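File shown here: final25.cif, holding mmCIF, N, CA and C atoms.
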```
data_entry
#
loop_
_atom_site.label_atom_id
_atom_site.label_comp_id
_atom_site.auth_asym_id
_atom_site.auth_seq_id
_atom_site.Cartn_x
_atom_site.Cartn_y
_atom_site.Cartn_z
N MET A 1 84.85 73.45 -50.42
CA MET A 1 85.00 74.16 -49.16
C MET A 1 83.75 73.97 -48.30
N SER A 2 83.98 73.74 -47.04
CA SER A 2 82.89 73.54 -46.10
C SER A 2 82.14 74.84 -45.85
N THR A 3 80.84 74.74 -45.62
CA THR A 3 80.04 75.95 -45.39
C THR A 3 80.24 76.51 -43.99
N ASP A 4 80.91 75.77 -43.10
CA ASP A 4 81.12 76.29 -41.74
C ASP A 4 82.57 76.71 -41.52
N THR A 5 83.31 76.88 -42.62
CA THR A 5 84.74 77.16 -42.54
C THR A 5 85.10 78.38 -43.37
N VAL A 6 86.00 79.20 -42.82
CA VAL A 6 86.55 80.36 -43.53
C VAL A 6 88.04 80.13 -43.66
N THR A 7 88.58 80.37 -44.87
CA THR A 7 90.02 80.28 -45.09
C THR A 7 90.51 81.61 -45.66
N VAL A 8 91.56 82.15 -45.02
CA VAL A 8 92.18 83.39 -45.49
C VAL A 8 93.66 83.09 -45.69
N GLU A 9 94.18 83.45 -46.87
CA GLU A 9 95.59 83.22 -47.18
C GLU A 9 96.23 84.55 -47.55
N ARG A 10 97.51 84.69 -47.16
CA ARG A 10 98.19 85.97 -47.42
C ARG A 10 99.69 85.75 -47.43
N LEU A 11 100.36 86.34 -48.38
CA LEU A 11 101.81 86.37 -48.40
C LEU A 11 102.26 87.54 -47.53
N ILE A 12 103.21 87.29 -46.63
CA ILE A 12 103.70 88.33 -45.72
C ILE A 12 105.20 88.47 -45.93
N ALA A 13 105.67 89.71 -46.10
CA ALA A 13 107.08 89.98 -46.36
C ALA A 13 107.87 90.00 -45.05
N ALA A 14 107.92 88.83 -44.40
CA ALA A 14 108.67 88.67 -43.15
C ALA A 14 108.89 87.17 -42.95
N ARG A 15 109.93 86.82 -42.21
CA ARG A 15 110.22 85.41 -41.95
C ARG A 15 109.14 84.80 -41.03
N PRO A 16 108.91 83.48 -41.13
CA PRO A 16 107.92 82.84 -40.26
C PRO A 16 108.15 83.11 -38.77
N GLU A 17 109.40 83.15 -38.33
CA GLU A 17 109.69 83.43 -36.91
C GLU A 17 109.16 84.80 -36.50
N THR A 18 109.30 85.76 -37.40
CA THR A 18 108.81 87.12 -37.12
C THR A 18 107.29 87.13 -37.07
N VAL A 19 106.66 86.54 -38.08
CA VAL A 19 105.19 86.50 -38.12
C VAL A 19 104.65 85.77 -36.89
N PHE A 20 105.26 84.63 -36.55
CA PHE A 20 104.80 83.83 -35.41
C PHE A 20 104.84 84.64 -34.12
N SER A 21 105.85 85.50 -33.98
CA SER A 21 105.97 86.29 -32.74
C SER A 21 104.76 87.19 -32.51
N PHE A 22 104.04 87.53 -33.56
CA PHE A 22 102.85 88.38 -33.41
C PHE A 22 101.64 87.59 -32.88
N PHE A 23 101.81 86.28 -32.72
CA PHE A 23 100.76 85.43 -32.13
C PHE A 23 101.10 84.98 -30.72
N THR A 24 102.30 85.33 -30.22
CA THR A 24 102.72 84.80 -28.93
C THR A 24 103.27 85.87 -28.00
N ASP A 25 103.02 87.12 -28.30
CA ASP A 25 103.46 88.24 -27.47
C ASP A 25 102.29 89.23 -27.38
N ARG A 26 101.89 89.58 -26.16
CA ARG A 26 100.70 90.41 -25.97
C ARG A 26 100.77 91.74 -26.74
N GLU A 27 101.86 92.48 -26.57
CA GLU A 27 101.96 93.79 -27.22
C GLU A 27 101.95 93.64 -28.74
N LYS A 28 102.66 92.64 -29.24
CA LYS A 28 102.66 92.43 -30.69
C LYS A 28 101.29 92.03 -31.19
N TRP A 29 100.59 91.13 -30.46
CA TRP A 29 99.23 90.73 -30.86
C TRP A 29 98.34 91.97 -30.96
N LEU A 30 98.37 92.79 -29.92
CA LEU A 30 97.50 93.96 -29.88
C LEU A 30 97.91 95.03 -30.89
N SER A 31 99.10 94.92 -31.48
CA SER A 31 99.51 95.90 -32.50
C SER A 31 98.73 95.70 -33.80
N TRP A 32 98.15 94.51 -33.99
CA TRP A 32 97.41 94.27 -35.24
C TRP A 32 95.94 93.91 -35.00
N MET A 33 95.60 93.39 -33.79
CA MET A 33 94.21 93.03 -33.54
C MET A 33 93.87 93.17 -32.07
N GLY A 34 92.98 94.11 -31.80
CA GLY A 34 92.45 94.24 -30.45
C GLY A 34 92.88 95.50 -29.74
N GLU A 35 92.01 95.93 -28.82
CA GLU A 35 92.27 97.12 -28.02
C GLU A 35 93.00 96.77 -26.73
N ASP A 36 92.69 95.59 -26.19
CA ASP A 36 93.26 95.17 -24.91
C ASP A 36 93.07 93.67 -24.80
N GLY A 37 93.79 93.05 -23.89
CA GLY A 37 93.59 91.62 -23.73
C GLY A 37 94.59 91.01 -22.76
N GLU A 38 94.22 89.82 -22.30
CA GLU A 38 95.09 89.00 -21.47
C GLU A 38 95.27 87.67 -22.19
N PHE A 39 96.51 87.19 -22.26
CA PHE A 39 96.82 86.01 -23.05
C PHE A 39 97.71 85.06 -22.25
N GLY A 40 97.36 83.79 -22.23
CA GLY A 40 98.20 82.74 -21.66
C GLY A 40 98.80 81.94 -22.80
N PHE A 41 99.92 82.40 -23.32
CA PHE A 41 100.50 81.82 -24.54
C PHE A 41 101.18 80.48 -24.27
N GLU A 42 100.37 79.45 -24.02
CA GLU A 42 100.85 78.08 -23.85
C GLU A 42 99.68 77.16 -24.12
N PRO A 43 99.95 75.91 -24.54
CA PRO A 43 98.83 74.99 -24.77
C PRO A 43 97.96 74.88 -23.52
N GLY A 44 96.65 75.08 -23.69
CA GLY A 44 95.71 75.09 -22.58
C GLY A 44 95.52 76.46 -21.96
N GLY A 45 96.39 77.41 -22.31
CA GLY A 45 96.29 78.76 -21.79
C GLY A 45 95.10 79.49 -22.40
N SER A 46 94.48 80.33 -21.61
CA SER A 46 93.30 81.05 -22.10
C SER A 46 93.68 82.45 -22.55
N TYR A 47 92.77 83.04 -23.31
CA TYR A 47 92.92 84.45 -23.69
C TYR A 47 91.55 85.10 -23.65
N ARG A 48 91.55 86.39 -23.47
CA ARG A 48 90.34 87.21 -23.52
C ARG A 48 90.79 88.55 -24.09
N SER A 49 90.23 88.94 -25.23
CA SER A 49 90.68 90.16 -25.89
C SER A 49 89.50 90.98 -26.38
N ARG A 50 89.51 92.26 -26.01
CA ARG A 50 88.51 93.19 -26.54
C ARG A 50 88.99 93.58 -27.93
N ILE A 51 88.28 93.09 -28.95
CA ILE A 51 88.69 93.33 -30.33
C ILE A 51 88.30 94.75 -30.74
N THR A 52 87.03 95.05 -30.66
CA THR A 52 86.53 96.40 -30.97
C THR A 52 85.33 96.67 -30.08
N GLY A 53 85.21 97.88 -29.58
CA GLY A 53 84.04 98.28 -28.80
C GLY A 53 83.65 97.26 -27.75
N GLU A 54 82.46 96.70 -27.92
CA GLU A 54 81.94 95.73 -26.95
C GLU A 54 82.22 94.29 -27.36
N ASN A 55 82.94 94.08 -28.45
CA ASN A 55 83.20 92.72 -28.96
C ASN A 55 84.43 92.13 -28.29
N VAL A 56 84.19 91.14 -27.42
CA VAL A 56 85.26 90.49 -26.66
C VAL A 56 85.36 89.03 -27.08
N ALA A 57 86.52 88.66 -27.64
CA ALA A 57 86.78 87.28 -28.04
C ALA A 57 87.44 86.54 -26.88
N GLU A 58 87.12 85.24 -26.80
CA GLU A 58 87.65 84.43 -25.71
C GLU A 58 87.88 83.01 -26.21
N GLY A 59 88.91 82.36 -25.69
CA GLY A 59 89.18 80.98 -26.05
C GLY A 59 90.42 80.47 -25.37
N ARG A 60 90.94 79.35 -25.90
CA ARG A 60 92.14 78.73 -25.33
C ARG A 60 93.09 78.37 -26.45
N PHE A 61 94.37 78.43 -26.14
CA PHE A 61 95.39 77.97 -27.07
C PHE A 61 95.44 76.45 -26.99
N VAL A 62 95.36 75.79 -28.14
CA VAL A 62 95.36 74.33 -28.22
C VAL A 62 96.74 73.81 -28.57
N GLU A 63 97.35 74.43 -29.58
CA GLU A 63 98.65 73.99 -30.07
C GLU A 63 99.49 75.21 -30.39
N ILE A 64 100.75 75.19 -29.94
CA ILE A 64 101.69 76.25 -30.28
C ILE A 64 102.98 75.56 -30.72
N ASP A 65 103.24 75.61 -32.02
CA ASP A 65 104.38 74.92 -32.60
C ASP A 65 105.22 75.93 -33.40
N PRO A 66 106.10 76.68 -32.70
CA PRO A 66 106.86 77.73 -33.39
C PRO A 66 107.82 77.14 -34.41
N PRO A 67 108.03 77.80 -35.53
CA PRO A 67 107.32 79.01 -35.99
C PRO A 67 106.33 78.69 -37.10
N THR A 68 105.71 77.50 -37.07
CA THR A 68 104.90 77.11 -38.23
C THR A 68 103.42 76.92 -37.98
N ARG A 69 102.99 76.74 -36.72
CA ARG A 69 101.57 76.39 -36.52
C ARG A 69 101.08 76.86 -35.15
N LEU A 70 99.85 77.36 -35.17
CA LEU A 70 99.19 77.80 -33.95
C LEU A 70 97.71 77.45 -34.08
N VAL A 71 97.13 76.86 -33.04
CA VAL A 71 95.71 76.52 -33.04
C VAL A 71 95.11 77.05 -31.75
N PHE A 72 93.97 77.75 -31.87
CA PHE A 72 93.27 78.22 -30.68
C PHE A 72 91.77 78.18 -30.91
N THR A 73 91.03 78.02 -29.82
CA THR A 73 89.57 78.08 -29.92
C THR A 73 89.16 79.55 -29.92
N TRP A 74 87.94 79.81 -30.39
CA TRP A 74 87.49 81.19 -30.60
C TRP A 74 85.99 81.25 -30.34
N GLY A 75 85.57 82.36 -29.79
CA GLY A 75 84.16 82.67 -29.63
C GLY A 75 84.04 84.06 -29.05
N TRP A 76 82.80 84.49 -28.89
CA TRP A 76 82.54 85.86 -28.42
C TRP A 76 81.92 85.81 -27.03
N ALA A 77 82.65 86.34 -26.04
CA ALA A 77 82.15 86.42 -24.67
C ALA A 77 81.17 87.59 -24.54
N GLU A 78 81.40 88.63 -25.34
CA GLU A 78 80.53 89.81 -25.33
C GLU A 78 80.44 90.32 -26.76
N GLY A 79 79.32 90.95 -27.08
CA GLY A 79 79.14 91.51 -28.42
C GLY A 79 77.96 90.86 -29.12
N GLY A 80 77.79 91.21 -30.38
CA GLY A 80 76.59 90.81 -31.10
C GLY A 80 76.57 89.44 -31.73
N MET A 81 77.71 88.77 -31.85
CA MET A 81 77.77 87.51 -32.59
C MET A 81 77.50 86.32 -31.64
N PRO A 82 76.45 85.53 -31.90
CA PRO A 82 76.11 84.42 -31.00
C PRO A 82 76.99 83.18 -31.22
N ILE A 83 78.27 83.31 -30.89
CA ILE A 83 79.21 82.19 -31.01
C ILE A 83 79.88 82.05 -29.65
N PRO A 84 79.52 81.03 -28.87
CA PRO A 84 80.06 80.91 -27.52
C PRO A 84 81.58 80.75 -27.52
N PRO A 85 82.26 81.31 -26.50
CA PRO A 85 83.71 81.15 -26.38
C PRO A 85 84.11 79.67 -26.48
N GLY A 86 85.15 79.42 -27.26
CA GLY A 86 85.67 78.07 -27.37
C GLY A 86 84.92 77.16 -28.33
N SER A 87 83.86 77.66 -28.98
CA SER A 87 83.02 76.79 -29.81
C SER A 87 83.53 76.63 -31.24
N THR A 88 84.49 77.45 -31.65
CA THR A 88 85.06 77.34 -32.98
C THR A 88 86.58 77.24 -32.85
N THR A 89 87.25 76.86 -33.93
CA THR A 89 88.70 76.67 -33.88
C THR A 89 89.37 77.44 -35.02
N VAL A 90 90.45 78.12 -34.67
CA VAL A 90 91.27 78.84 -35.65
C VAL A 90 92.63 78.15 -35.73
N GLU A 91 93.00 77.77 -36.95
CA GLU A 91 94.31 77.15 -37.18
C GLU A 91 95.10 78.05 -38.11
N ILE A 92 96.31 78.41 -37.69
CA ILE A 92 97.18 79.26 -38.49
C ILE A 92 98.43 78.46 -38.82
N THR A 93 98.75 78.39 -40.12
CA THR A 93 100.00 77.76 -40.53
C THR A 93 100.84 78.79 -41.27
N LEU A 94 102.13 78.72 -41.04
CA LEU A 94 103.08 79.64 -41.64
C LEU A 94 104.11 78.83 -42.40
N GLU A 95 104.21 79.09 -43.70
CA GLU A 95 105.13 78.35 -44.56
C GLU A 95 106.18 79.30 -45.11
N PRO A 96 107.48 78.97 -44.91
CA PRO A 96 108.51 79.85 -45.47
C PRO A 96 108.50 79.76 -47.01
N VAL A 97 108.56 80.92 -47.64
CA VAL A 97 108.66 81.02 -49.10
C VAL A 97 109.72 82.07 -49.41
N ALA A 98 110.15 82.14 -50.66
CA ALA A 98 111.22 83.07 -51.04
C ALA A 98 110.90 84.51 -50.65
N GLU A 99 109.63 84.90 -50.76
CA GLU A 99 109.22 86.28 -50.49
C GLU A 99 108.97 86.54 -49.01
N GLY A 100 109.03 85.50 -48.15
CA GLY A 100 108.77 85.69 -46.72
C GLY A 100 108.00 84.52 -46.15
N THR A 101 106.72 84.74 -45.89
CA THR A 101 105.88 83.71 -45.26
C THR A 101 104.53 83.64 -45.96
N PHE A 102 104.09 82.42 -46.21
CA PHE A 102 102.73 82.20 -46.71
C PHE A 102 101.89 81.81 -45.50
N LEU A 103 100.95 82.69 -45.14
CA LEU A 103 100.06 82.45 -44.00
C LEU A 103 98.75 81.87 -44.49
N ARG A 104 98.30 80.82 -43.83
CA ARG A 104 96.97 80.26 -44.08
C ARG A 104 96.23 80.22 -42.74
N LEU A 105 95.09 80.88 -42.69
CA LEU A 105 94.24 80.89 -41.49
C LEU A 105 92.97 80.14 -41.85
N VAL A 106 92.63 79.12 -41.07
CA VAL A 106 91.42 78.35 -41.28
C VAL A 106 90.59 78.42 -40.00
N HIS A 107 89.39 78.99 -40.11
CA HIS A 107 88.48 79.12 -38.96
C HIS A 107 87.33 78.14 -39.18
N ARG A 108 87.24 77.12 -38.30
CA ARG A 108 86.28 76.03 -38.47
C ARG A 108 85.13 76.09 -37.46
N ASN A 109 84.05 75.41 -37.83
CA ASN A 109 82.88 75.19 -36.97
C ASN A 109 82.05 76.45 -36.73
N LEU A 110 82.09 77.39 -37.67
CA LEU A 110 81.23 78.56 -37.55
C LEU A 110 79.78 78.13 -37.75
N PRO A 111 78.84 78.73 -37.01
CA PRO A 111 77.48 78.19 -36.95
C PRO A 111 76.54 78.52 -38.12
N SER A 112 76.92 79.49 -38.97
CA SER A 112 75.97 79.90 -40.02
C SER A 112 76.70 80.58 -41.16
N PRO A 113 76.05 80.67 -42.33
CA PRO A 113 76.65 81.43 -43.43
C PRO A 113 76.92 82.89 -43.05
N GLU A 114 76.05 83.48 -42.24
CA GLU A 114 76.24 84.87 -41.80
C GLU A 114 77.49 84.99 -40.94
N ALA A 115 77.69 84.02 -40.05
CA ALA A 115 78.89 84.03 -39.20
C ALA A 115 80.14 83.84 -40.05
N CYS A 116 80.06 82.98 -41.06
CA CYS A 116 81.20 82.79 -41.97
C CYS A 116 81.53 84.09 -42.68
N ALA A 117 80.52 84.75 -43.22
CA ALA A 117 80.75 86.00 -43.96
C ALA A 117 81.36 87.06 -43.06
N ALA A 118 80.84 87.22 -41.85
CA ALA A 118 81.35 88.22 -40.91
C ALA A 118 82.79 87.92 -40.51
N HIS A 119 83.08 86.65 -40.24
CA HIS A 119 84.43 86.28 -39.82
C HIS A 119 85.42 86.33 -40.99
N GLU A 120 84.98 86.01 -42.19
CA GLU A 120 85.87 86.13 -43.34
C GLU A 120 86.27 87.59 -43.54
N GLU A 121 85.30 88.48 -43.46
CA GLU A 121 85.58 89.91 -43.60
C GLU A 121 86.53 90.36 -42.49
N GLY A 122 86.25 89.93 -41.26
CA GLY A 122 87.09 90.33 -40.13
C GLY A 122 88.51 89.79 -40.24
N TRP A 123 88.64 88.50 -40.55
CA TRP A 123 89.98 87.92 -40.64
C TRP A 123 90.77 88.53 -41.79
N LYS A 124 90.14 88.82 -42.93
CA LYS A 124 90.86 89.47 -44.04
C LYS A 124 91.40 90.82 -43.58
N HIS A 125 90.59 91.56 -42.87
CA HIS A 125 91.00 92.87 -42.35
C HIS A 125 92.19 92.72 -41.41
N TYR A 126 92.10 91.79 -40.46
CA TYR A 126 93.16 91.67 -39.47
C TYR A 126 94.42 90.99 -40.02
N VAL A 127 94.30 90.07 -40.95
CA VAL A 127 95.48 89.48 -41.57
C VAL A 127 96.22 90.55 -42.39
N GLU A 128 95.50 91.44 -43.02
CA GLU A 128 96.13 92.55 -43.73
C GLU A 128 96.91 93.43 -42.76
N ARG A 129 96.32 93.73 -41.60
CA ARG A 129 97.02 94.52 -40.57
C ARG A 129 98.24 93.77 -40.06
N LEU A 130 98.12 92.46 -39.87
CA LEU A 130 99.25 91.64 -39.44
C LEU A 130 100.37 91.70 -40.47
N ALA A 131 100.03 91.56 -41.76
CA ALA A 131 101.04 91.61 -42.81
C ALA A 131 101.77 92.95 -42.80
N THR A 132 101.07 94.02 -42.54
CA THR A 132 101.67 95.35 -42.50
C THR A 132 102.64 95.46 -41.34
N VAL A 133 102.20 95.12 -40.15
CA VAL A 133 103.04 95.30 -38.96
C VAL A 133 104.20 94.31 -38.93
N ALA A 134 103.99 93.08 -39.40
CA ALA A 134 105.06 92.07 -39.40
C ALA A 134 106.17 92.44 -40.38
N SER A 135 105.85 93.21 -41.42
CA SER A 135 106.86 93.62 -42.38
C SER A 135 107.49 94.97 -42.00
N GLY A 136 107.22 95.42 -40.76
CA GLY A 136 107.89 96.59 -40.24
C GLY A 136 107.22 97.92 -40.51
N ARG A 137 105.99 97.89 -41.00
CA ARG A 137 105.28 99.13 -41.27
C ARG A 137 104.20 99.36 -40.21
N ASP A 138 103.70 100.57 -40.13
CA ASP A 138 102.68 100.93 -39.16
C ASP A 138 101.30 100.68 -39.78
N PRO A 139 100.49 99.81 -39.15
CA PRO A 139 99.15 99.57 -39.72
C PRO A 139 98.18 100.72 -39.46
N GLY A 140 98.57 101.68 -38.64
CA GLY A 140 97.69 102.80 -38.33
C GLY A 140 96.58 102.39 -37.39
N LEU A 141 95.68 103.31 -37.11
CA LEU A 141 94.54 103.00 -36.25
C LEU A 141 93.63 102.00 -36.94
N ASP A 142 93.05 101.13 -36.16
CA ASP A 142 92.12 100.13 -36.70
C ASP A 142 90.81 100.82 -37.02
N ASP A 143 90.47 100.89 -38.31
CA ASP A 143 89.24 101.60 -38.72
C ASP A 143 87.97 100.83 -38.37
N ARG A 144 88.10 99.61 -37.81
CA ARG A 144 86.92 98.88 -37.38
C ARG A 144 86.53 99.24 -35.94
N MET A 145 87.39 100.00 -35.27
CA MET A 145 87.11 100.35 -33.87
C MET A 145 86.17 101.53 -33.78
#
```
Go ahead and express the file in the form of C-alpha cells.
Amino acid sequence: MSTDTVTVERLIAARPETVFSFFTDREKWLSWMGEDGEFGFEPGGSYRSRITGENVAEGRFVEIDPPTRLVFTWGWAEGGMPIPPGSTTVEITLEPVAEGTFLRLVHRNLPSPEACAAHEEGWKHYVERLATVASGRDPGLDDRM
C-alpha cells in the first residue's frame, strides 16, 4: 500500500443503485456527510461542502459512471488541514454482491502520513454513516460536528 493513499472498504446492505444515489443527490449526500454544500453532479462539475465547523471541502467531479464508479478531486478550502482543493483524488467503486454492495473508497495523493491518518479516520466514520443511511436507517447526528 502506498504511503500517500487511504483505502476504506465496507459492505453495505443496499443495492449499488441505491448507494450511488447518495453520491449524486445533494440532500442524500448531506444526510451522511456535511452540514451544507453546493454540488455540480456532472463530470467537471464543482462542489463545495462544509463538512464540520470550519472545515470546507472543495473539488470537482472527474468521472460519474452510475451505479459503479465515481471519481472526484478533494481538498480543504477552509479548516486546519493543509491540502489545497483539487490536490487529491477520491475514487469510489461499488460492486454488487449477494448481501448488497461492496464499497471501496481509495483516496490518493495525500501529502503526509498525518494527512493519511486523519483522512482514514474521517472516511471510516463517514462510510459507516453512509452504510447506515443507504440501508434505510437513521445515522443520527454527526458526532464529529
Please give the complete set of residues from segment 27-130 of chain A that DSSP, run on the backbone, assigns to strand (DSSP E), formatted as a PyMOL selection string.
chain A and resi 36-39+46-52+55-65+69-74+76-78+88-97+100-108
Expand the PyMOL selection byres (((chain A and resi 105 and name CA) around 12) and name CA) into the explicit residue set it covers here, and present it as a VMD selection string.
chain A and resid 5 to 11 68 to 72 89 to 95 102 to 104 106 to 108 119 to 120 122 to 124 126 to 127
For Leu141 of chain A, list every protein, DNA or RNA residue within 10 Å, evaluated using only C-alpha atoms, and leave out those in the same chain fewer than 3 positions away; present the list as a PyMOL selection string.
chain A and resi 31-32+129+138+144-145
To test your reading of the syntax: which residues would the PyMOL selection byres ((chain A and resi 48) around 8) return for the file shown? Reply as a PyMOL selection string.
chain A and resi 36-40+45-47+49-51+56-60
Compute the distance from (108.2, 79.2, -36.9) to each atom, counting only C-alpha atoms, keep the residues with any atom at most 9 Å away, and return them as a list of chain:residue names; use the coordinates of the file.
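Every residue inside that radius is included here: A:Arg15, A:Pro16, A:Glu17, A:Thr18, A:Val19, A:Phe20, A:Ser21, A:Asp65, A:Pro66, A:Pro67, A:Thr68, A:Arg69, A:Leu94, A:Glu95, A:Pro96.
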Save the residues we just selected, N, CA and C atoms, as a short mmCIF file (atom, residue, chain, number, x, y, z; two decimals), in the coordinates of the input?
```cif
data_model
loop_
_atom_site.label_atom_id
_atom_site.label_comp_id
_atom_site.auth_asym_id
_atom_site.auth_seq_id
_atom_site.Cartn_x
_atom_site.Cartn_y
_atom_site.Cartn_z
N ARG A 15 109.93 86.82 -42.21
CA ARG A 15 110.22 85.41 -41.95
C ARG A 15 109.14 84.80 -41.03
N PRO A 16 108.91 83.48 -41.13
CA PRO A 16 107.92 82.84 -40.26
C PRO A 16 108.15 83.11 -38.77
N GLU A 17 109.40 83.15 -38.33
CA GLU A 17 109.69 83.43 -36.91
C GLU A 17 109.16 84.80 -36.50
N THR A 18 109.30 85.76 -37.40
CA THR A 18 108.81 87.12 -37.12
C THR A 18 107.29 87.13 -37.07
N VAL A 19 106.66 86.54 -38.08
CA VAL A 19 105.19 86.50 -38.12
C VAL A 19 104.65 85.77 -36.89
N PHE A 20 105.26 84.63 -36.55
CA PHE A 20 104.80 83.83 -35.41
C PHE A 20 104.84 84.64 -34.12
N SER A 21 105.85 85.50 -33.98
CA SER A 21 105.97 86.29 -32.74
C SER A 21 104.76 87.19 -32.51
N ASP A 65 103.24 75.61 -32.02
CA ASP A 65 104.38 74.92 -32.60
C ASP A 65 105.22 75.93 -33.40
N PRO A 66 106.10 76.68 -32.70
CA PRO A 66 106.86 77.73 -33.39
C PRO A 66 107.82 77.14 -34.41
N PRO A 67 108.03 77.80 -35.53
CA PRO A 67 107.32 79.01 -35.99
C PRO A 67 106.33 78.69 -37.10
N THR A 68 105.71 77.50 -37.07
CA THR A 68 104.90 77.11 -38.23
C THR A 68 103.42 76.92 -37.98
N ARG A 69 102.99 76.74 -36.72
CA ARG A 69 101.57 76.39 -36.52
C ARG A 69 101.08 76.86 -35.15
N LEU A 94 102.13 78.72 -41.04
CA LEU A 94 103.08 79.64 -41.64
C LEU A 94 104.11 78.83 -42.40
N GLU A 95 104.21 79.09 -43.70
CA GLU A 95 105.13 78.35 -44.56
C GLU A 95 106.18 79.30 -45.11
N PRO A 96 107.48 78.97 -44.91
CA PRO A 96 108.51 79.85 -45.47
C PRO A 96 108.50 79.76 -47.01
#
```
Separation of atom CA of Glu54 of chain A and atom CA of Trp74 of chain A, in Å?
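Going from atom CA of Glu54 of chain A over to atom CA of Trp74 of chain A covers 16.0 Å.
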Taking only N, CA and C atoms into account, which of A:Thr88, A:Phe41, A:Glu35, A:Asp25 comes nearest Leu110 of chain A?
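Looking only at the distances to Leu110 of chain A, the closest residue turns out to be A:Thr88.
The coordinates place atom CA of Met33 of chain A at 20.2 Å from atom CA of Pro82 of chain A.
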Contacts of Pro84 of chain A at 6.5 Å (all atoms listed in the file; same-chain gap of 5+ positions) as a PDB file with N, CA and C atoms, keeping the file's coordinate frame:
```pdb
ATOM      1  N   TRP A  74      87.940  79.810 -30.390  1.00  0.00           N
ATOM      2  CA  TRP A  74      87.490  81.190 -30.600  1.00  0.00           C
ATOM      3  C   TRP A  74      85.990  81.250 -30.340  1.00  0.00           C
ATOM      4  N   GLY A  75      85.570  82.360 -29.790  1.00  0.00           N
ATOM      5  CA  GLY A  75      84.160  82.670 -29.630  1.00  0.00           C
ATOM      6  C   GLY A  75      84.040  84.060 -29.050  1.00  0.00           C
ATOM      7  N   TRP A  76      82.800  84.490 -28.890  1.00  0.00           N
ATOM      8  CA  TRP A  76      82.540  85.860 -28.420  1.00  0.00           C
ATOM      9  C   TRP A  76      81.920  85.810 -27.030  1.00  0.00           C
ATOM     10  N   ALA A  77      82.650  86.340 -26.040  1.00  0.00           N
ATOM     11  CA  ALA A  77      82.150  86.420 -24.670  1.00  0.00           C
ATOM     12  C   ALA A  77      81.170  87.590 -24.540  1.00  0.00           C
TER      13      ALA A  77
END
```
Could you give me, as a PyMOL selection string, the residues within 6 Å of Ala13 of chain A, counting only C-alpha atoms and dropping anything in the same chain fewer than 3 positions from it?
chain A and resi 99-100+135
Work out how far atom N of Glu42 of chain A is from atom C of Thr24 of chain A, in Å to one decimal.
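Atom-to-atom, atom C of Thr24 of chain A and atom N of Glu42 of chain A are spaced 8.1 Å apart.
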From a backbone DSSP assignment, name each residue in chain A labelled alpha helix (DSSP H), as number ranges by chain.
A: 16-21, 26-32, 113-134
Box in all listed atoms of segment 32-39 of chain A, axis-aligned, with 6 Å more on each side; write out centre and edge lengths in Å to one decimal as lines of an AutoDock Vina configuration file.
```
center_x = 95.1
center_y = 91.1
center_z = -28.4
size_x = 18.1
size_y = 24.1
size_z = 25.8
```
